[in-house]
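Please read the structure below before turning to the comments.
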Amino acid sequence: MFGAGVVPVAGQYEVRADRARARRRAVTVNAILDQSAAPANDDSVAAGGSAPVLSEREAVTNARSIDHLVHAAMAQWTGGLSPASLALAFADWQLHLAASPGKRLELALKALGDGSRFARMISTPHAAWQPWFMVSPQPGDNRFSGADWALPAFNVMAQAFLLGEQWWHSAASGLHGVSKGNAAIVDFVVRQCLDAAAPSNFALSNPEVLRQMMDSGGGNFVSGWHNWLDDCRKWFGGQSSEPLQFVVGKDVATTEGKVVYRNELIELIQYAPVTADVCPEPVLIVPAWIMKYYILDLSPQNSLIRFMVERGFTVFAISWRNPGPADRDLGFDHYRKLGVEAAIEAINQIAPGRAIHATGYCLGGTLLAIAAARLQEERPGCLRSVTLLAAQVDFTEAGELTLFINESQVAFLEDMMWRRGVLEAAQMAGAFQLLRSNDMIWSRLVRDYLMGERTAPSDLMSWNADATRMPYRMHADYLRKLFLDNDLAEGRYAVDGHPVALSDLRAPMFVVGTVRDHVAPWRSVHKIHLLADADITFALASGGHNAGIVAPPSEPGHTYQVLEKKRDQPYVGPDEWLAKAAHREGSWWLEWVRFLTAHSDAWIPAQPSLHAPEGGPPLEDAPGQYVLQH
């Protein structure tokens with residue numbers, strides 16, 4: 001199917017059977033729809049014949065198919081957000097607000113108080129003017145950080161906007177009786193609307209844009225127009241006028257290695273040793289399949305994989321194939337069997353008798369935790385340690401992503417994916433951008449189109465644009481079983497008919513959270529302390545979900561906190577952990593090397609030649625074929 005060198009593994013034929021069943025179901029549904037849409041033959045009925053009659057099962061399938069199609073069509077206009085979910089949230093908020101005269105009085109008094117203070121502010125003589133007299137931007141809000149925003153006219157506009165923003169936040173939150181989830185949705189939607197209306201987003205109300213216009217004689221708008229045209233060419237499938245800055249295999253993903261194993265879901269890359277002696281226990285990296293693996297092998301100066309190889313570790317990395325609509329029935333278990341477990345089996349054949357330092361990033365870490373708990377029962381001792389990087393196993397405090405995860409929203413996404421077979425990369429990217437709309441949407445639009453500037457390209461930005469898809473069945477499993485129902489943390493997630501218990505995680509663990517993570521908030525990542533029965537070294541790194549993990553020691557400005565908890569010590573909550581954990585300058589990468597070294601045997605001579613699990617030659621050079629798929 002994928003050319004020479006494909007190694008059949010257990011589960012491969014199950015995937016093909018699932019695809020065949022999906023095709024048969026699609027044919028059946030289309031036949032039913034065609035039959036129900038066809039008019040009855042009046043002549044045959046008059047002659048004593050009977051019109052086609054659908055069975056009860058066919059009628060149900062027909063009705064559900066209509067619902068799927070309608071919801072999928074609606075998703076084209078709503079960006080994948082469920083209108084029913086939004087309507088229910090706002091109805092909950094409006095009904096409770098209507099029944100709360102005290103809250104309405106509180107909001108009215110706040111509006112009157114802010115209005116009178118604002119009137120006094122704008123009547124202040126120019127000589128006595130003080131910027132940000134009433135309200136100032138929150139930490140991290142860079143929309144009004146320029147010096148020109150302190151000028152009286154623009155400062156008045158900015159403060160008026162911030163006061164309105166505060167009032168709406170008070171109106172959308174703190175209303176007794178509104179469910180926590182609905183209140184968060186209302187606050188989020190209101191915030192998105194306000195962010196779009198910020199004075200920083202418009203040329204005539206943004207002093208930095210006006211100054212750029214005067215300095216360039218309006219050239220910034222000409223440059224912005226060209227930037228917009230260039231983006232349109234990219235959006236509609238054309239070629240950008242900007243040359244590719246970072247080419248996979250040439251500028252990024254350049255650490256020397258070989259593809260030593262391949263199945264229909266993964267390529268397993270082994271990296272060539274560069275030291276005379278190496279750690280005897282291999283390191284396996286399991287990245288998330290919503291991202292290309294080379295997030296951990298970017299440019300040579302910030303490649304975690306290269307960093308580990310140069311320090312004597314034998315590193316293997318999984319490179320996931322980018323799924324298409326034909327892979328709609330690939331489920332979470334397929335990713336476990338054909339991904340983590342197949343990679344471990346291949347490494348065991350290449351390096352027999354050696355335990356593995358298993359490492360999972362983001363969703364790959366969640367999958368690794370499931371596989372590791374299962375392997376602890378079946379093959380205890382096969383993993384020397386488990387490292388989780390910005391990965392959650394308990395989803396009760398999963399941050400603002402939970403705004404998109406309720407029964408109505410999950411059902412809507414399932415219908416949307418049912419039609420396409422996959423969740424498109426643009427859909428996922430849009431959800432993540434909404435979480436940080438000021439930084440990732442509006443500030444970019446202002447910079448690119450009003451200021452006429454472009455951010456200098458980086459390897460991380462190039463990687464972020466190299467997006468992937470997610471199969472229908474896998475993503476539905478993930479959203480419903482893990483995110484919505486939290487089955488893994490509560491002991492209901494089953495593998496081969498047996499529930500997975502995270503308390504079976506007993507190998508030493510190194511867990512990393514990042515301070516500004518909007519995808520896997522560090523307090524959610526910290527919950528592994530409540531679930532695993534293991535010694536846990538927890539590190540909290542500066543930065544966000546990606547920049548906090550890609551933190552090379554050569555790059556200044558990185559900091560982290562770290563604290564080890566032995567399995568028999570009392571639980572330490574996140575707030576107490578913050579107070580107790582040691583603060584250290586530099587990168588957590590060095591801390592991880594110390595952890596792996598402490599849990600490894602004595603170094604052994606490196607084997608310079610790489611080979612496939614059967615002892616034959618490698619399949620091809622890294623980075624392989626799958627990472628190049630679009």
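Each chain in the structure tokens gets a letter, A, B, ..., in the order shown, and its residues are numbered from 1; ligands are numbered from 1 in order too.
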Can you tell me which residues surround region 297-302 of chain A at a distance of at most 10 Å, considering only C-alpha atoms, apart from same-chain residues fewer than 2 positions away, and format the answer as a ChimeraX atom specification?
/A:246,248-255,292-295,304-307,317,458-460,462-463,550-555,623
Suppose we keep N, CA, C and O atoms; can you now write the selection as a CSV table (one decimal), in the first residue's frame?
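Once everything was written out, this is out-v4.csv:
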chain,number,residue,atom,x,y,z
A,246,PHE,N,11.8,27.7,5.5
A,246,PHE,CA,12.3,26.6,6.2
A,246,PHE,C,11.7,25.3,5.5
A,246,PHE,O,10.5,25.1,5.6
A,248,VAL,N,11.5,21.3,5.2
A,248,VAL,CA,11.7,20.1,6.0
A,248,VAL,C,12.8,19.2,5.4
A,248,VAL,O,12.8,18.9,4.2
A,249,GLY,N,13.7,18.8,6.2
A,249,GLY,CA,14.9,17.9,5.7
A,249,GLY,C,16.1,18.7,5.3
A,249,GLY,O,17.1,18.2,5.1
A,250,LYS,N,15.9,20.0,5.1
A,250,LYS,CA,17.0,20.9,4.7
A,250,LYS,C,17.3,21.9,5.7
A,250,LYS,O,18.5,22.1,6.1
A,251,ASP,N,16.3,22.6,6.2
A,251,ASP,CA,16.5,23.7,7.2
A,251,ASP,C,16.0,23.2,8.6
A,251,ASP,O,16.5,23.6,9.6
A,252,VAL,N,14.9,22.4,8.6
A,252,VAL,CA,14.4,21.9,9.9
A,252,VAL,C,14.3,20.4,9.7
A,252,VAL,O,14.3,19.8,8.6
A,253,ALA,N,14.2,19.6,10.8
A,253,ALA,CA,14.2,18.2,10.8
A,253,ALA,C,15.5,17.6,10.1
A,253,ALA,O,15.4,16.8,9.2
A,254,THR,N,16.6,18.2,10.5
A,254,THR,CA,17.9,17.8,9.9
A,254,THR,C,18.8,16.9,10.7
A,254,THR,O,19.9,16.6,10.2
A,255,THR,N,18.4,16.5,11.9
A,255,THR,CA,19.2,15.7,12.7
A,255,THR,C,19.4,14.3,11.9
A,255,THR,O,18.4,13.7,11.5
A,292,LYS,N,3.2,18.0,13.3
A,292,LYS,CA,4.3,17.2,12.8
A,292,LYS,C,5.4,17.0,13.8
A,292,LYS,O,5.7,17.9,14.6
A,293,TYR,N,6.1,15.9,13.8
A,293,TYR,CA,7.0,15.5,14.9
A,293,TYR,C,8.1,16.5,15.0
A,293,TYR,O,8.7,16.6,16.1
A,294,TYR,N,8.5,17.2,14.0
A,294,TYR,CA,9.7,18.0,14.0
A,294,TYR,C,9.6,19.3,14.8
A,294,TYR,O,10.5,20.1,14.8
A,295,ILE,N,8.5,19.5,15.5
A,295,ILE,CA,8.5,20.5,16.6
A,295,ILE,C,9.6,20.3,17.5
A,295,ILE,O,10.1,21.2,18.1
A,304,LEU,N,15.4,19.7,20.2
A,304,LEU,CA,15.6,18.9,21.4
A,304,LEU,C,16.2,17.5,21.1
A,304,LEU,O,16.9,17.0,21.8
A,305,ILE,N,15.8,17.0,19.9
A,305,ILE,CA,16.3,15.7,19.5
A,305,ILE,C,17.8,15.7,19.3
A,305,ILE,O,18.6,14.9,19.8
A,306,ARG,N,18.3,16.7,18.6
A,306,ARG,CA,19.7,16.9,18.4
A,306,ARG,C,20.4,17.1,19.8
A,306,ARG,O,21.5,16.5,20.0
A,307,PHE,N,19.8,17.9,20.6
A,307,PHE,CA,20.4,18.1,22.0
A,307,PHE,C,20.6,16.8,22.7
A,307,PHE,O,21.6,16.6,23.4
A,317,ALA,N,12.0,8.5,17.3
A,317,ALA,CA,10.9,9.4,17.3
A,317,ALA,C,9.9,8.8,16.3
A,317,ALA,O,10.2,8.3,15.2
A,458,SER,N,10.1,32.4,11.3
A,458,SER,CA,10.9,31.5,12.2
A,458,SER,C,10.6,30.1,11.9
A,458,SER,O,9.5,29.8,11.3
A,459,ASP,N,11.4,29.2,12.4
A,459,ASP,CA,11.2,27.8,12.2
A,459,ASP,C,9.9,27.3,12.9
A,459,ASP,O,9.2,26.5,12.4
A,460,LEU,N,9.7,27.9,14.1
A,460,LEU,CA,8.5,27.6,14.8
A,460,LEU,C,7.2,28.0,14.1
A,460,LEU,O,6.2,27.2,14.0
A,462,SER,N,7.0,28.4,10.8
A,462,SER,CA,6.9,27.5,9.7
A,462,SER,C,6.3,26.2,10.0
A,462,SER,O,5.4,25.6,9.3
A,463,TRP,N,6.7,25.6,11.2
A,463,TRP,CA,6.2,24.3,11.6
A,463,TRP,C,4.7,24.5,11.9
A,463,TRP,O,3.9,23.6,11.6
A,550,VAL,N,10.0,24.0,23.5
A,550,VAL,CA,11.2,24.3,22.7
A,550,VAL,C,12.0,25.4,23.4
A,550,VAL,O,11.8,26.6,23.1
A,551,ALA,N,12.8,25.0,24.3
A,551,ALA,CA,13.5,26.0,25.2
A,551,ALA,C,15.0,25.6,25.3
A,551,ALA,O,15.5,25.1,26.3
A,552,PRO,N,15.8,25.8,24.2
A,552,PRO,CA,17.2,25.4,24.2
A,552,PRO,C,18.0,26.1,25.2
A,552,PRO,O,17.7,27.3,25.5
A,553,PRO,N,18.9,25.5,25.9
A,553,PRO,CA,19.8,26.2,26.9
A,553,PRO,C,20.6,27.4,26.3
A,553,PRO,O,20.9,28.3,27.0
A,554,SER,N,20.8,27.3,25.0
A,554,SER,CA,21.6,28.4,24.4
A,554,SER,C,20.8,29.7,24.2
A,554,SER,O,21.3,30.8,23.9
A,555,GLU,N,19.5,29.6,24.4
A,555,GLU,CA,18.6,30.8,24.2
A,555,GLU,C,18.3,31.4,25.6
A,555,GLU,O,17.8,30.8,26.5
A,623,PRO,N,14.1,12.8,7.2
A,623,PRO,CA,13.0,12.6,8.0
A,623,PRO,C,11.9,11.7,7.5
A,623,PRO,O,10.8,11.6,8.1
Quick one: of A:Arg447, A:Arg117, A:Arg336, A:Arg379, who's nearest to Arg143 (chain A), counting only C-alpha atoms?
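Going through A:Arg447, A:Arg117, A:Arg336, A:Arg379 one by one, the smallest distance to Arg143 (chain A) is for A:Arg447.
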Need to verify the contact set: Ile405 (chain A), 8 Å, only C-alpha atoms, exclusion of same-chain residues closer than 4 positions in sequence. Can you return it as a list in words?
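What passes the distance filter is Leu401, Gln409, Val410, Leu479, Phe483 and Leu484 of chain A.
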When distances are computed from only C-alpha atoms, which of A:Gly224, A:Thr402, A:Ile266, A:Glu564 shows the smallest separation from Gln212 (chain A)?
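Once distances to Gln212 (chain A) are computed over only C-alpha atoms, the minimum belongs to A:Gly224.
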Which residue is closest to His599 (chain A)? Choose from A:Trp577, A:Phe510, A:Trp93, A:Trp149 and count only C-alpha atoms.
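Of the candidates, the smallest distance to His599 (chain A) is held by A:Phe510.
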Just asking: which residues within region 384-544 of chain A are strand (DSSP E or B) according to DSSP, as a PyMOL selection string?
chain A and resi 384-389+422-423+470-471+494-495+498-499+509-514+536-541
Shell around region 535-541 of chain A at 9 Å using only C-alpha atoms, local window under 4 positions removed, as a VMD selection string:
chain A and resid 506 to 515 522 526 528 to 529 548 to 549 551 558 to 568 578 581 587 to 588 591 595
Just-selected residues, C-alpha atoms written as a PDB file, in the first residue's frame:
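Result file follows (again-v5.pdb):
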ATOM      1  CA  ARG A 506       4.742   3.084  38.579  1.00  0.00           C
ATOM      2  CA  ALA A 507       7.857   3.913  36.557  1.00  0.00           C
ATOM      3  CA  PRO A 508       9.562   7.182  37.604  1.00  0.00           C
ATOM      4  CA  MET A 509       7.940  10.128  35.833  1.00  0.00           C
ATOM      5  CA  PHE A 510       9.209  13.479  34.612  1.00  0.00           C
ATOM      6  CA  VAL A 511       6.284  15.828  33.870  1.00  0.00           C
ATOM      7  CA  VAL A 512       6.541  19.290  32.316  1.00  0.00           C
ATOM      8  CA  GLY A 513       3.891  22.011  32.351  1.00  0.00           C
ATOM      9  CA  THR A 514       4.238  25.526  30.948  1.00  0.00           C
ATOM     10  CA  VAL A 515       3.126  28.747  32.599  1.00  0.00           C
ATOM     11  CA  TRP A 522      -0.250  23.454  33.883  1.00  0.00           C
ATOM     12  CA  HIS A 526      -0.262  18.725  37.551  1.00  0.00           C
ATOM     13  CA  ILE A 528      -1.008  13.446  37.354  1.00  0.00           C
ATOM     14  CA  HIS A 529       0.095  13.631  41.012  1.00  0.00           C
ATOM     15  CA  GLY A 548       7.862  26.589  26.675  1.00  0.00           C
ATOM     16  CA  ILE A 549       8.793  23.100  25.450  1.00  0.00           C
ATOM     17  CA  ALA A 551      13.523  25.951  25.190  1.00  0.00           C
ATOM     18  CA  HIS A 558      14.218  30.624  30.054  1.00  0.00           C
ATOM     19  CA  THR A 559      13.339  29.781  33.653  1.00  0.00           C
ATOM     20  CA  TYR A 560      11.612  26.907  35.409  1.00  0.00           C
ATOM     21  CA  GLN A 561      10.597  25.546  38.773  1.00  0.00           C
ATOM     22  CA  VAL A 562      11.073  21.916  39.744  1.00  0.00           C
ATOM     23  CA  LEU A 563      10.115  19.675  42.650  1.00  0.00           C
ATOM     24  CA  GLU A 564      10.243  15.915  43.103  1.00  0.00           C
ATOM     25  CA  LYS A 565       7.527  14.019  44.966  1.00  0.00           C
ATOM     26  CA  LYS A 566       8.159  10.448  46.038  1.00  0.00           C
ATOM     27  CA  ARG A 567       5.270   8.031  45.691  1.00  0.00           C
ATOM     28  CA  ASP A 568       4.923   7.627  49.481  1.00  0.00           C
ATOM     29  CA  LEU A 578       4.385  26.931  43.488  1.00  0.00           C
ATOM     30  CA  ALA A 581       9.369  24.377  44.084  1.00  0.00           C
ATOM     31  CA  SER A 587      16.213  25.439  30.312  1.00  0.00           C
ATOM     32  CA  TRP A 588      14.363  22.463  31.752  1.00  0.00           C
ATOM     33  CA  GLU A 591      16.971  19.028  34.282  1.00  0.00           C
ATOM     34  CA  PHE A 595      16.633  12.872  35.507  1.00  0.00           C
TER      35      PHE A 595
END
Excluding Leu95 (chain A) and any residue of its chain fewer than 4 positions from it, enumerate the residues within 12 Å of it, using only C-alpha atoms, and give them as a list in words.
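Final neighbour list, sorted by chain and number: Ala87, Leu88, Ala89, Phe90, Ala91, Ala99, Ser100, Pro101, Leu175, His176, Gly177 and Val178 of chain A.
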Please produce an output containing C-alpha atoms for each residue in the selection, written as an mmCIF file, in the first residue's frame.
data_model
loop_
_atom_site.group_PDB
_atom_site.id
_atom_site.type_symbol
_atom_site.label_atom_id
_atom_site.label_comp_id
_atom_site.auth_asym_id
_atom_site.auth_seq_id
_atom_site.Cartn_x
_atom_site.Cartn_y
_atom_site.Cartn_z
ATOM 1 C CA ALA A 87 -28.124 29.714 22.233
ATOM 2 C CA LEU A 88 -28.506 27.573 25.368
ATOM 3 C CA ALA A 89 -25.654 29.404 27.096
ATOM 4 C CA PHE A 90 -27.063 32.859 26.335
ATOM 5 C CA ALA A 91 -30.599 31.751 27.266
ATOM 6 C CA ALA A 99 -34.676 37.187 37.367
ATOM 7 C CA SER A 100 -31.894 38.999 39.286
ATOM 8 C CA PRO A 101 -32.866 42.640 39.967
ATOM 9 C CA LEU A 175 -24.468 35.704 38.069
ATOM 10 C CA HIS A 176 -25.882 33.329 40.667
ATOM 11 C CA GLY A 177 -27.571 30.264 39.174
ATOM 12 C CA VAL A 178 -25.896 30.251 35.741
#
Could I get the residues of region 164-266 of chain A with an atom no further than 9 Å from an atom of region 603-614 of chain A, each paired with its nearest atom pair and that distance in Å to one decimal, using only C-alpha atoms, sorted by chain and residue number, as a Markdown table?
| residue | atom | partner | partner_atom | distance |
| --- | --- | --- | --- | --- |
| A:Gly257 | CA | A:Leu610 | CA | 8.4 |
| A:Lys258 | CA | A:Leu610 | CA | 7.3 |
| A:Val259 | CA | A:Ala612 | CA | 8.2 |
| A:Val260 | CA | A:Ala612 | CA | 4.6 |
| A:Tyr261 | CA | A:Ala612 | CA | 6.2 |
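Distances to Asn348 (chain A) were evaluated for A:Ala326, A:Leu383, A:Leu363, A:Ala276 using only C-alpha atoms, and the minimum falls at A:Leu383.
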